[in-house]
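Below is upload.pdb, holding PDB, C-alpha atoms.
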ATOM      1  CA  MET E   1     -15.434 -27.955-132.312
ATOM      2  CA  SER E   2     -16.365 -24.415-133.045
ATOM      3  CA  ILE E   3     -13.619 -21.828-132.960
ATOM      4  CA  LYS E   4     -15.388 -20.015-130.172
ATOM      5  CA  LEU E   5     -15.427 -23.053-127.940
ATOM      6  CA  LYS E   6     -11.821 -23.874-128.739
ATOM      7  CA  ALA E   7     -10.745 -20.392-127.794
ATOM      8  CA  LEU E   8     -12.751 -20.633-124.620
ATOM      9  CA  LEU E   9     -10.953 -23.756-123.503
ATOM     10  CA  LYS E  10      -7.449 -22.449-124.059
ATOM     11  CA  SER E  11      -7.780 -19.711-121.535
ATOM     12  CA  PRO E  12     -11.097 -19.614-119.706
ATOM     13  CA  TRP E  13     -11.576 -16.377-117.879
ATOM     14  CA  VAL E  14     -13.611 -16.810-114.768
ATOM     15  CA  PHE E  15     -15.943 -14.467-113.023
ATOM     16  CA  HIS E  16     -16.720 -15.006-109.400
ATOM     17  CA  LEU E  17     -20.237 -14.449-108.123
ATOM     18  CA  SER E  18     -21.194 -14.842-104.489
ATOM     19  CA  THR E  19     -24.931 -15.156-103.940
ATOM     20  CA  GLY E  20     -25.091 -14.898-100.191
ATOM     21  CA  SER E  21     -22.450 -17.371 -99.125
ATOM     22  CA  CYS E  22     -20.528 -17.418 -95.870
ATOM     23  CA  ASN E  23     -17.390 -16.412 -97.822
ATOM     24  CA  ASN E  24     -15.625 -19.692 -97.186
ATOM     25  CA  CYS E  25     -16.094 -20.939-100.743
ATOM     26  CA  ASP E  26     -14.948 -17.538-101.941
ATOM     27  CA  ILE E  27     -11.774 -17.869 -99.922
ATOM     28  CA  GLU E  28     -11.146 -21.287-101.466
ATOM     29  CA  ILE E  29     -11.623 -19.831-104.936
ATOM     30  CA  LEU E  30      -9.124 -17.146-104.072
ATOM     31  CA  ASP E  31      -6.791 -19.888-102.861
ATOM     32  CA  CYS E  32      -7.034 -21.494-106.290
ATOM     33  CA  LEU E  33      -6.160 -18.291-108.059
ATOM     34  CA  THR E  34      -3.241 -17.292-105.875
ATOM     35  CA  PRO E  35       0.285 -18.745-106.292
ATOM     36  CA  ARG E  36       0.009 -21.779-104.031
ATOM     37  CA  PHE E  37      -2.413 -23.627-106.297
ATOM     38  CA  ASP E  38      -1.960 -21.261-109.190
ATOM     39  CA  VAL E  39      -4.808 -22.142-111.463
ATOM     40  CA  GLU E  40      -3.428 -19.582-113.886
ATOM     41  CA  ARG E  41      -1.052 -22.238-115.219
ATOM     42  CA  PHE E  42      -4.108 -23.731-116.923
ATOM     43  CA  GLY E  43      -4.803 -20.319-118.406
ATOM     44  CA  MET E  44      -7.569 -19.409-116.018
ATOM     45  CA  LEU E  45      -7.736 -15.805-115.053
ATOM     46  CA  LEU E  46     -10.072 -13.852-112.857
ATOM     47  CA  ALA E  47     -11.939 -11.369-115.011
ATOM     48  CA  GLY E  48     -12.919  -8.037-113.622
ATOM     49  CA  SER E  49     -16.159  -7.819-115.512
ATOM     50  CA  ILE E  50     -18.776 -10.407-116.315
ATOM     51  CA  ARG E  51     -18.713  -9.280-119.950
ATOM     52  CA  HIS E  52     -15.126 -10.459-120.307
ATOM     53  CA  ALA E  53     -15.725 -13.832-118.688
ATOM     54  CA  ASP E  54     -16.247 -17.321-120.108
ATOM     55  CA  VAL E  55     -16.891 -19.160-116.872
ATOM     56  CA  LEU E  56     -19.253 -18.089-114.129
ATOM     57  CA  LEU E  57     -18.354 -19.403-110.692
ATOM     58  CA  VAL E  58     -21.378 -19.303-108.417
ATOM     59  CA  THR E  59     -21.088 -19.743-104.678
ATOM     60  CA  GLY E  60     -23.729 -19.326-102.003
ATOM     61  CA  SER E  61     -27.308 -20.281-101.501
ATOM     62  CA  GLY E  62     -28.968 -17.880-103.933
ATOM     63  CA  ASN E  63     -31.253 -15.905-101.684
ATOM     64  CA  ARG E  64     -34.341 -14.045-102.779
ATOM     65  CA  LYS E  65     -32.609 -10.734-103.233
ATOM     66  CA  CYS E  66     -29.896 -12.372-105.297
ATOM     67  CA  ILE E  67     -32.100 -14.306-107.722
ATOM     68  CA  PRO E  68     -32.800 -11.380-110.104
ATOM     69  CA  ARG E  69     -29.125 -10.420-109.927
ATOM     70  CA  ILE E  70     -27.973 -13.928-110.847
ATOM     71  CA  LYS E  71     -30.285 -13.854-113.848
ATOM     72  CA  LYS E  72     -29.062 -10.431-114.844
ATOM     73  CA  LEU E  73     -25.433 -11.529-114.695
ATOM     74  CA  TYR E  74     -26.124 -14.691-116.637
ATOM     75  CA  GLU E  75     -27.696 -12.638-119.395
ATOM     76  CA  GLN E  76     -24.513 -10.617-119.694
ATOM     77  CA  VAL E  77     -22.020 -13.473-120.052
ATOM     78  CA  PRO E  78     -20.868 -13.854-123.658
ATOM     79  CA  LYS E  79     -22.183 -17.196-124.915
ATOM     80  CA  PRO E  80     -21.040 -19.951-125.106
ATOM     81  CA  CYS E  81     -20.266 -19.954-121.429
ATOM     82  CA  VAL E  82     -20.143 -22.478-118.641
ATOM     83  CA  VAL E  83     -21.521 -22.131-115.152
ATOM     84  CA  VAL E  84     -19.818 -23.811-112.201
ATOM     85  CA  ALA E  85     -21.661 -24.141-108.918
ATOM     86  CA  ILE E  86     -19.220 -24.327-106.037
ATOM     87  CA  GLY E  87     -20.043 -25.524-102.545
ATOM     88  CA  GLU E  88     -22.932 -27.269-100.906
ATOM     89  CA  CYS E  89     -24.969 -24.083-100.625
ATOM     90  CA  SER E  90     -25.193 -23.471-104.337
ATOM     91  CA  LEU E  91     -25.787 -27.165-105.046
ATOM     92  CA  SER E  92     -28.666 -27.765-102.662
ATOM     93  CA  ARG E  93     -28.541 -24.856-100.191
ATOM     94  CA  GLY E  94     -26.936 -27.035 -97.523
ATOM     95  CA  MET E  95     -28.231 -26.191 -94.081
ATOM     96  CA  PHE E  96     -30.326 -23.339 -95.445
ATOM     97  CA  ILE E  97     -32.685 -25.655 -97.294
ATOM     98  CA  ASP E  98     -35.668 -24.728 -95.098
ATOM     99  CA  SER E  99     -34.832 -21.054 -94.945
ATOM    100  CA  TYR E 100     -37.549 -18.594 -95.861
ATOM    101  CA  ASN E 101     -35.043 -16.683 -97.932
ATOM    102  CA  CYS E 102     -33.668 -19.525-100.091
ATOM    103  CA  PRO E 103     -36.557 -20.885-102.139
ATOM    104  CA  VAL E 104     -34.722 -22.706-104.953
ATOM    105  CA  PRO E 105     -31.205 -24.010-105.588
ATOM    106  CA  VAL E 106     -28.998 -22.195-108.065
ATOM    107  CA  ASP E 107     -29.488 -24.756-110.844
ATOM    108  CA  LYS E 108     -33.212 -23.941-110.926
ATOM    109  CA  ILE E 109     -32.337 -20.312-111.619
ATOM    110  CA  ILE E 110     -29.668 -20.664-114.320
ATOM    111  CA  PRO E 111     -28.337 -23.771-116.126
ATOM    112  CA  VAL E 112     -25.355 -25.213-114.262
ATOM    113  CA  ASP E 113     -22.717 -27.331-116.027
ATOM    114  CA  VAL E 114     -20.483 -28.482-113.200
ATOM    115  CA  TYR E 115     -21.232 -29.106-109.556
ATOM    116  CA  ILE E 116     -18.382 -29.059-107.058
ATOM    117  CA  PRO E 117     -19.619 -30.290-103.667
ATOM    118  CA  GLY E 118     -17.988 -29.605-100.343
ATOM    119  CA  CYS E 119     -18.374 -27.184 -97.514
ATOM    120  CA  PRO E 120     -16.132 -25.589 -98.572
ATOM    121  CA  PRO E 121     -14.610 -27.650-101.422
ATOM    122  CA  LYS E 122     -10.846 -27.941-101.271
ATOM    123  CA  PRO E 123      -8.890 -26.021-103.887
ATOM    124  CA  GLU E 124      -7.848 -29.409-105.285
ATOM    125  CA  ALA E 125     -11.511 -30.297-105.748
ATOM    126  CA  ILE E 126     -12.196 -27.028-107.506
ATOM    127  CA  ILE E 127      -9.231 -27.557-109.848
ATOM    128  CA  ALA E 128     -10.289 -31.166-110.505
ATOM    129  CA  GLY E 129     -13.801 -29.967-111.268
ATOM    130  CA  VAL E 130     -12.622 -27.346-113.694
ATOM    131  CA  VAL E 131     -10.268 -29.789-115.438
ATOM    132  CA  LYS E 132     -13.137 -32.260-115.798
ATOM    133  CA  LEU E 133     -15.252 -29.487-117.200
ATOM    134  CA  ILE E 134     -12.643 -28.697-119.829
ATOM    135  CA  GLU E 135     -12.442 -32.383-120.767
ATOM    136  CA  LYS E 136     -16.197 -32.596-120.984
ATOM    137  CA  VAL E 137     -16.504 -29.610-123.273
ATOM    138  CA  LYS E 138     -13.614 -30.881-125.420
ATOM    139  CA  ASN E 139     -15.195 -34.282-125.951
ATOM    140  CA  LYS E 140     -18.573 -32.806-126.749
ATOM    141  CA  LYS E 141     -17.292 -31.630-130.149
TER     142      LYS E 141
ATOM    143  CA  MET L   1     -20.222   7.339 -63.284
ATOM    144  CA  LYS L   2     -20.273   4.193 -61.196
ATOM    145  CA  LYS L   3     -22.614   1.329 -61.783
ATOM    146  CA  GLN L   4     -24.533   1.814 -58.559
ATOM    147  CA  GLU L   5     -24.986   5.513 -59.276
ATOM    148  CA  ILE L   6     -26.448   4.789 -62.680
ATOM    149  CA  LEU L   7     -28.850   2.177 -61.391
ATOM    150  CA  GLN L   8     -29.852   4.292 -58.413
ATOM    151  CA  GLU L   9     -30.522   7.297 -60.586
ATOM    152  CA  LEU L  10     -32.603   5.237 -63.012
ATOM    153  CA  ARG L  11     -34.577   3.741 -60.156
ATOM    154  CA  GLU L  12     -35.382   7.096 -58.656
ATOM    155  CA  ARG L  13     -36.135   8.969 -61.803
ATOM    156  CA  PHE L  14     -38.292   6.352 -63.512
ATOM    157  CA  LYS L  15     -40.135   4.902 -60.511
ATOM    158  CA  ASP L  16     -43.418   4.628 -62.347
ATOM    159  CA  GLU L  17     -42.113   3.351 -65.639
ATOM    160  CA  ILE L  18     -39.845   0.571 -64.425
ATOM    161  CA  VAL L  19     -41.717  -2.693 -63.996
ATOM    162  CA  ASP L  20     -38.910  -5.018 -63.024
ATOM    163  CA  PHE L  21     -35.272  -4.785 -62.084
ATOM    164  CA  PHE L  22     -33.011  -7.792 -62.443
ATOM    165  CA  GLU L  23     -29.266  -8.011 -61.921
ATOM    166  CA  LYS L  24     -28.216 -11.155 -63.685
ATOM    167  CA  SER L  25     -24.525 -10.753 -62.998
ATOM    168  CA  PRO L  26     -22.205  -7.892 -62.025
ATOM    169  CA  LYS L  27     -21.853  -7.036 -65.707
ATOM    170  CA  ARG L  28     -25.433  -7.460 -66.817
ATOM    171  CA  VAL L  29     -28.597  -5.712 -65.716
ATOM    172  CA  TYR L  30     -32.068  -6.157 -67.157
ATOM    173  CA  ILE L  31     -34.653  -3.453 -66.655
ATOM    174  CA  GLU L  32     -38.182  -4.100 -67.731
ATOM    175  CA  ILE L  33     -40.114  -0.960 -68.513
ATOM    176  CA  LYS L  34     -43.464   0.042 -69.868
ATOM    177  CA  PRO L  35     -43.334   0.361 -73.661
ATOM    178  CA  GLU L  36     -44.590   3.961 -73.599
ATOM    179  CA  ALA L  37     -41.523   5.132 -71.690
ATOM    180  CA  ILE L  38     -38.854   3.840 -74.040
ATOM    181  CA  VAL L  39     -38.036   7.178 -75.685
ATOM    182  CA  LYS L  40     -37.670   8.920 -72.337
ATOM    183  CA  ILE L  41     -35.455   6.261 -70.807
ATOM    184  CA  ALA L  42     -33.364   5.701 -73.929
ATOM    185  CA  ASN L  43     -32.784   9.430 -74.133
ATOM    186  CA  CYS L  44     -31.650   9.529 -70.509
ATOM    187  CA  VAL L  45     -29.349   6.508 -70.805
ATOM    188  CA  PHE L  46     -27.887   7.526 -74.136
ATOM    189  CA  LYS L  47     -27.583  11.289 -73.859
ATOM    190  CA  GLU L  48     -27.113  11.863 -70.137
ATOM    191  CA  PHE L  49     -25.273   8.756 -68.993
ATOM    192  CA  GLY L  50     -23.290   8.502 -72.212
ATOM    193  CA  ALA L  51     -23.973   4.856 -72.880
ATOM    194  CA  ARG L  52     -23.326   3.275 -76.233
ATOM    195  CA  PHE L  53     -26.325   1.845 -78.048
ATOM    196  CA  ASN L  54     -25.207  -1.643 -78.897
ATOM    197  CA  ILE L  55     -28.149  -3.285 -80.608
ATOM    198  CA  ALA L  56     -31.786  -4.059 -80.115
ATOM    199  CA  SER L  57     -33.187  -7.552 -80.340
ATOM    200  CA  GLY L  58     -36.707  -8.677 -80.955
ATOM    201  CA  VAL L  59     -38.007 -11.882 -79.432
ATOM    202  CA  ASP L  60     -41.246 -13.625 -80.246
ATOM    203  CA  ALA L  61     -42.154 -15.078 -76.868
ATOM    204  CA  ARG L  62     -45.266 -17.004 -76.017
ATOM    205  CA  PHE L  63     -47.608 -14.221 -74.960
ATOM    206  CA  HIS L  64     -45.506 -11.187 -75.645
ATOM    207  CA  MET L  65     -43.390  -9.667 -78.320
ATOM    208  CA  GLU L  66     -40.271  -8.515 -76.546
ATOM    209  CA  ILE L  67     -37.802  -5.909 -77.643
ATOM    210  CA  LEU L  68     -34.549  -5.604 -75.755
ATOM    211  CA  TYR L  69     -32.465  -2.486 -76.179
ATOM    212  CA  HIS L  70     -28.902  -3.220 -75.182
ATOM    213  CA  PHE L  71     -26.837  -0.316 -73.938
ATOM    214  CA  THR L  72     -23.240  -0.715 -72.889
ATOM    215  CA  PHE L  73     -21.061   1.364 -70.613
ATOM    216  CA  ASP L  74     -17.671   0.375 -71.903
ATOM    217  CA  GLU L  75     -15.497   2.037 -69.279
ATOM    218  CA  ILE L  76     -17.249   0.336 -66.334
ATOM    219  CA  ASP L  77     -17.989  -2.894 -68.211
ATOM    220  CA  LEU L  78     -21.738  -2.923 -67.801
ATOM    221  CA  THR L  79     -24.455  -3.998 -70.209
ATOM    222  CA  LEU L  80     -27.864  -2.578 -69.579
ATOM    223  CA  SER L  81     -30.696  -4.347 -71.372
ATOM    224  CA  ILE L  82     -33.920  -2.440 -71.411
ATOM    225  CA  ARG L  83     -36.729  -4.851 -71.999
ATOM    226  CA  THR L  84     -40.169  -3.938 -73.251
ATOM    227  CA  LYS L  85     -43.011  -6.379 -73.583
ATOM    228  CA  LEU L  86     -45.712  -5.810 -76.155
ATOM    229  CA  ASP L  87     -48.933  -7.697 -75.746
ATOM    230  CA  LYS L  88     -49.579  -9.927 -78.739
ATOM    231  CA  ALA L  89     -53.325  -9.520 -78.447
ATOM    232  CA  LYS L  90     -53.045  -5.778 -78.994
ATOM    233  CA  LYS L  91     -51.587  -3.854 -81.879
ATOM    234  CA  LEU L  92     -47.843  -4.316 -81.995
ATOM    235  CA  GLU L  93     -46.403  -0.835 -81.924
ATOM    236  CA  ILE L  94     -43.841   1.120 -79.999
ATOM    237  CA  ASP L  95     -42.273   4.551 -80.303
ATOM    238  CA  SER L  96     -39.167   4.700 -82.447
ATOM    239  CA  ILE L  97     -35.907   5.737 -80.830
ATOM    240  CA  ALA L  98     -34.199   6.249 -84.178
ATOM    241  CA  ASN L  99     -34.810   9.977 -83.955
ATOM    242  CA  ILE L 100     -32.585  10.333 -80.914
ATOM    243  CA  ILE L 101     -30.216   7.416 -81.590
ATOM    244  CA  LYS L 102     -29.178   7.209 -85.184
ATOM    245  CA  GLY L 103     -27.728   3.718 -84.764
ATOM    246  CA  ALA L 104     -31.153   2.321 -83.999
ATOM    247  CA  ASP L 105     -32.422   3.141 -87.466
ATOM    248  CA  TRP L 106     -31.509  -0.089 -89.243
ATOM    249  CA  ILE L 107     -32.238  -2.507 -86.446
ATOM    250  CA  GLU L 108     -35.708  -1.060 -86.056
ATOM    251  CA  ARG L 109     -36.294  -1.515 -89.750
ATOM    252  CA  GLU L 110     -35.099  -5.098 -89.467
ATOM    253  CA  ILE L 111     -37.322  -5.886 -86.466
ATOM    254  CA  ARG L 112     -40.219  -4.319 -88.295
ATOM    255  CA  GLU L 113     -39.937  -6.580 -91.314
ATOM    256  CA  MET L 114     -38.924  -9.722 -89.433
ATOM    257  CA  LEU L 115     -41.426  -9.572 -86.568
ATOM    258  CA  GLY L 116     -43.979  -7.054 -87.749
ATOM    259  CA  ILE L 117     -43.609  -4.565 -84.911
ATOM    260  CA  ASP L 118     -44.546  -1.072 -85.970
ATOM    261  CA  PHE L 119     -42.129   1.658 -84.891
ATOM    262  CA  LYS L 120     -44.075   4.875 -84.676
ATOM    263  CA  GLY L 121     -42.270   7.942 -85.922
ATOM    264  CA  HIS L 122     -39.430   6.113 -87.619
ATOM    265  CA  PRO L 123     -37.689   8.514 -90.011
ATOM    266  CA  ASN L 124     -37.320   6.025 -92.869
ATOM    267  CA  PRO L 125     -39.650   3.041 -92.532
ATOM    268  CA  LYS L 126     -38.566   1.125 -95.615
ATOM    269  CA  ARG L 127     -37.573  -2.499 -95.959
ATOM    270  CA  LEU L 128     -34.015  -3.374 -95.086
ATOM    271  CA  LEU L 129     -33.271  -7.017 -95.794
ATOM    272  CA  LEU L 130     -36.203  -8.729 -97.455
ATOM    273  CA  SER L 131     -36.617  -8.654-101.203
ATOM    274  CA  ASP L 132     -39.186  -6.528-102.952
ATOM    275  CA  ASP L 133     -41.380  -9.461-103.974
ATOM    276  CA  TRP L 134     -41.884 -10.516-100.376
ATOM    277  CA  PRO L 135     -45.623 -10.248 -99.562
ATOM    278  CA  GLU L 136     -46.893  -7.674 -97.087
ATOM    279  CA  GLY L 137     -47.977  -8.990 -93.720
ATOM    280  CA  VAL L 138     -45.786 -12.097 -93.744
ATOM    281  CA  TYR L 139     -43.123 -12.013 -91.052
ATOM    282  CA  PRO L 140     -40.486 -14.734 -91.337
ATOM    283  CA  LEU L 141     -39.209 -14.835 -87.760
ATOM    284  CA  ARG L 142     -42.582 -15.120 -86.096
ATOM    285  CA  ARG L 143     -43.578 -18.343 -84.435
ATOM    286  CA  ASP L 144     -46.602 -18.809 -86.653
ATOM    287  CA  TYR L 145     -44.711 -18.313 -89.915
ATOM    288  CA  LYS L 146     -45.820 -20.689 -92.646
ATOM    289  CA  GLU L 147     -44.330 -21.270 -96.059
ATOM    290  CA  TRP L 148     -46.128 -18.989 -98.470
ATOM    291  CA  ASP L 149     -44.122 -19.512-101.655
ATOM    292  CA  LYS L 150     -45.715 -22.204-103.798
ATOM    293  CA  GLY L 151     -42.669 -22.405-106.042
ATOM    294  CA  ALA L 152     -40.201 -23.186-103.274
ATOM    295  CA  ILE L 153     -38.415 -26.519-103.426
ATOM    296  CA  ARG L 154     -37.617 -28.034-100.043
ATOM    297  CA  ASP L 155     -35.893 -31.260-100.965
ATOM    298  CA  ARG L 156     -32.475 -32.025-102.304
ATOM    299  CA  GLY L 157     -33.707 -33.900-105.338
ATOM    300  CA  ALA L 158     -32.688 -37.278-103.908
ATOM    301  CA  ASP L 159     -33.780 -39.451-101.012
TER     302      ASP L 159
END

As structure tokens - that is how I would like this structure written.
Amino acid sequence: MSIKLKALLKSPWVFHLSTGSCNNCDIEILDCLTPRFDVERFGMLLAGSIRHADVLLVTGSGNRKCIPRIKKLYEQVPKPCVVVAIGECSLSRGMFIDSYNCPVPVDKIIPVDVYIPGCPPKPEAIIAGVVKLIEKVKNKK
Amino acid sequence: MKKQEILQELRERFKDEIVDFFEKSPKRVYIEIKPEAIVKIANCVFKEFGARFNIASGVDARFHMEILYHFTFDEIDLTLSIRTKLDKAKKLEIDSIANIIKGADWIEREIREMLGIDFKGHPNPKRLLLSDDWPEGVYPLRRDYKEWDKGAIRDRGAD
């Protein structure tokens, strides 16, 4: 495993990007970060800027106005990075699948590594997803 | 000002402009007017009667494009909806009330891009919600809206 990847797994800093969600997934992410579920014990920390982040958490359906912004943010993440799509909206747009403003799901815009389904996913599901992600990257070598 | 006074005054002053008068409930009154008179009546209701401009809503009905301007009188608990009907066969345009009511600025911009109704004399007729690559002349909330984007994916990738 490269030193970069190893460092990334010890303490992945996450950046939270909402692309037009109803804010429920965002609240669940906040739940993960705050003391009750305390994802910080795995070393995860919310980064203030995308340029400091290793993990990009994407929520929401990715509407037309957001698509260029998602791309712009993805260009700014230091590589290697992982992208986590959280919630039904960012997986397949959920109930907004026929909306005029949501042409493609998020994984057609940027490469997504982990999908966490649910509307909204429980904090346990988000933690399980992130732990699986760490395992996956570790075993990749 | 009491409710009856307001309605009476409107009835008398705008005899020729008011098409229909409908009291749905004690708290809700619909007044249908001619589209040309909207600035005059909105000015009277907003400036003289001191109503609050709540919101406007655009409706794509079968033969008409309707715009409802909702005014509320909070202290007497009355909602006054001023309804205008624009004929779909003609050019869809109406005078803007954003010059006298600042709060109508954004909703008029939204109705313009969603339903394609032209607000004449709007101070800032730019787009509000749609993205810049949205084609001109396509209005998403109209009844006859068709998918225009060839790249759009409308399935979930599984049966």

Could you give me, as JSON lines, a per-residue list for chain E showing, wherever an atom lies at most 8 Å from an atom of chain L, the closest pair of atoms and their distance in Å to one decimal, using all atoms listed in the file and sorting by chain then residue number from low to high?
{"residue": "E:Arg64", "atom": "CA", "partner": "L:Ser131", "partner_atom": "CA", "distance": 6.1}
{"residue": "E:Lys65", "atom": "CA", "partner": "L:Ser131", "partner_atom": "CA", "distance": 5.0}
{"residue": "E:Ser92", "atom": "CA", "partner": "L:Arg156", "partner_atom": "CA", "distance": 5.7}
{"residue": "E:Ile97", "atom": "CA", "partner": "L:Arg154", "partner_atom": "CA", "distance": 6.1}
{"residue": "E:Asp98", "atom": "CA", "partner": "L:Arg154", "partner_atom": "CA", "distance": 6.3}
{"residue": "E:Tyr100", "atom": "CA", "partner": "L:Pro140", "partner_atom": "CA", "distance": 6.6}
{"residue": "E:Pro103", "atom": "CA", "partner": "L:Ala152", "partner_atom": "CA", "distance": 4.5}
{"residue": "E:Val104", "atom": "CA", "partner": "L:Ile153", "partner_atom": "CA", "distance": 5.5}
{"residue": "E:Pro105", "atom": "CA", "partner": "L:Ile153", "partner_atom": "CA", "distance": 7.9}

Residues proximal to (-23.8, -2.7, -71.1) were defined as those with any atom within 10 Å of that point in the file's coordinates, counting only C-alpha atoms. Which are they, as a VMD selection string? chain L and resid 27 to 30 51 to 54 70 to 81

Would you pick out the contacts of Ala56 of chain L at 12 Å or less, using all atoms listed in the file, so that residues sharing its chain but fewer than 4 positions from it are not included, and give the list as a PyMOL selection string? chain L and resi 42+52+66-72+80-84+96-98+101+103-112

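Atom CA of Phe119 of chain L to atom CA of Glu93 of chain L spans 5.8 Å [interatomic distance, one decimal].
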
Name all residues at most 12 Å from segment 131-134 of chain E (count all atoms listed in the file; drop same-chain ones fewer than 5 positions away) and give them as a VMD selection string. chain E and resid 5 to 12 39 41 to 44 54 to 55 81 to 85 112 to 116 124 to 126 139 to 141

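Considering the residues L:Glu136, L:Glu17, L:Asp144, L:Asp118 and counting all atoms listed in the file, Asp95 of chain L has its shortest atom-to-atom contact with L:Asp118.
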
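Going from atom CA of Lys138 of chain E over to atom CA of Pro80 of chain E, you cover 13.2 Å.
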
What box, with edges along x, y and z, holds each listed atom of segment 10-23 of chain E when 3 Å is added on every side, and can you state its centre and edge lengths in Å to one decimal, as AutoDock Vina command-line options?
--center_x -16.3 --center_y -18.4 --center_z -110.0 --size_x 23.6 --size_y 14.0 --size_z 34.2

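With atom CA of Met1 of chain L on one side and atom CA of Lys40 of chain L on the other, the separation reads 19.7 Å.
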
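Residue nearest Gly94 of chain E within the list E:Ile50, E:Ile29, E:Cys22, E:Ile70: E:Cys22 [criterion: smallest interatomic distance, all atoms listed in the file].
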
Name the residues that the PyMOL selection byres ((chain L and resi 19-21) around 8) pulls out of this structure, and write them as a PyMOL selection string. chain L and resi 16-18+22-23+29-34

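Each of E:Ser90, E:Ala128, E:Trp13, E:Gln76 was compared to Ala53 of chain E using all atoms listed in the file, and E:Trp13 turns out to be the nearest.
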
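Counting only C-alpha atoms and comparing L:Gln8, L:Lys24, L:Pro35, L:Met114, the residue that lies closest to Arg142 of chain L is L:Met114.
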
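When the distance limit is 9 Å and only C-alpha atoms are what count, the residues near Gly20 of chain E, minus those fewer than 3 positions from it on the same chain, are Asn23, Thr59, Gly60, Ser61, Gly62, Asn63 and Cys66 of chain E.
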
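The residues caught by the PyMOL selection byres ((chain E and resi 122) around 12) in this file are Asn24, Cys25, Asp26, Ile27, Glu28, Ile29, Leu30, Asp31, Cys32, Phe37, Ile86, Gly87, Ile116, Pro117, Gly118, Cys119, Pro120, Pro121, Pro123, Glu124, Ala125, Ile126, Ile127, Ala128 and Gly129 of chain E.
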
From the block you just saw, export segment 106-132 of chain E: C-alpha atoms, as a tab-separated table (two decimals), in the first residue's frame.
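Writing done, so here's part.tsv:
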chain	number	residue	atom	x	y	z
E	106	VAL	CA	-24.37	11.33	-9.11
E	107	ASP	CA	-22.27	8.34	-10.17
E	108	LYS	CA	-22.59	9.41	-13.81
E	109	ILE	CA	-21.05	12.76	-12.89
E	110	ILE	CA	-18.11	11.69	-10.72
E	111	PRO	CA	-16.78	8.20	-9.86
E	112	VAL	CA	-18.42	6.91	-6.68
E	113	ASP	CA	-16.74	4.30	-4.47
E	114	VAL	CA	-19.37	3.53	-1.86
E	115	TYR	CA	-23.13	3.68	-2.03
E	116	ILE	CA	-25.11	3.98	1.19
E	117	PRO	CA	-28.83	3.52	0.48
E	118	GLY	CA	-31.66	4.69	2.66
E	119	CYS	CA	-33.97	7.63	2.86
E	120	PRO	CA	-32.28	8.82	4.97
E	121	PRO	CA	-29.71	6.14	5.90
E	122	LYS	CA	-29.34	5.58	9.62
E	123	PRO	CA	-26.12	6.81	11.21
E	124	GLU	CA	-25.29	3.14	11.85
E	125	ALA	CA	-25.58	2.48	8.12
E	126	ILE	CA	-23.33	5.39	7.31
E	127	ILE	CA	-20.72	4.19	9.82
E	128	ALA	CA	-20.97	0.62	8.50
E	129	GLY	CA	-20.52	1.92	4.97
E	130	VAL	CA	-17.47	3.93	5.86
E	131	VAL	CA	-15.91	1.02	7.78
E	132	LYS	CA	-16.50	-1.24	4.78
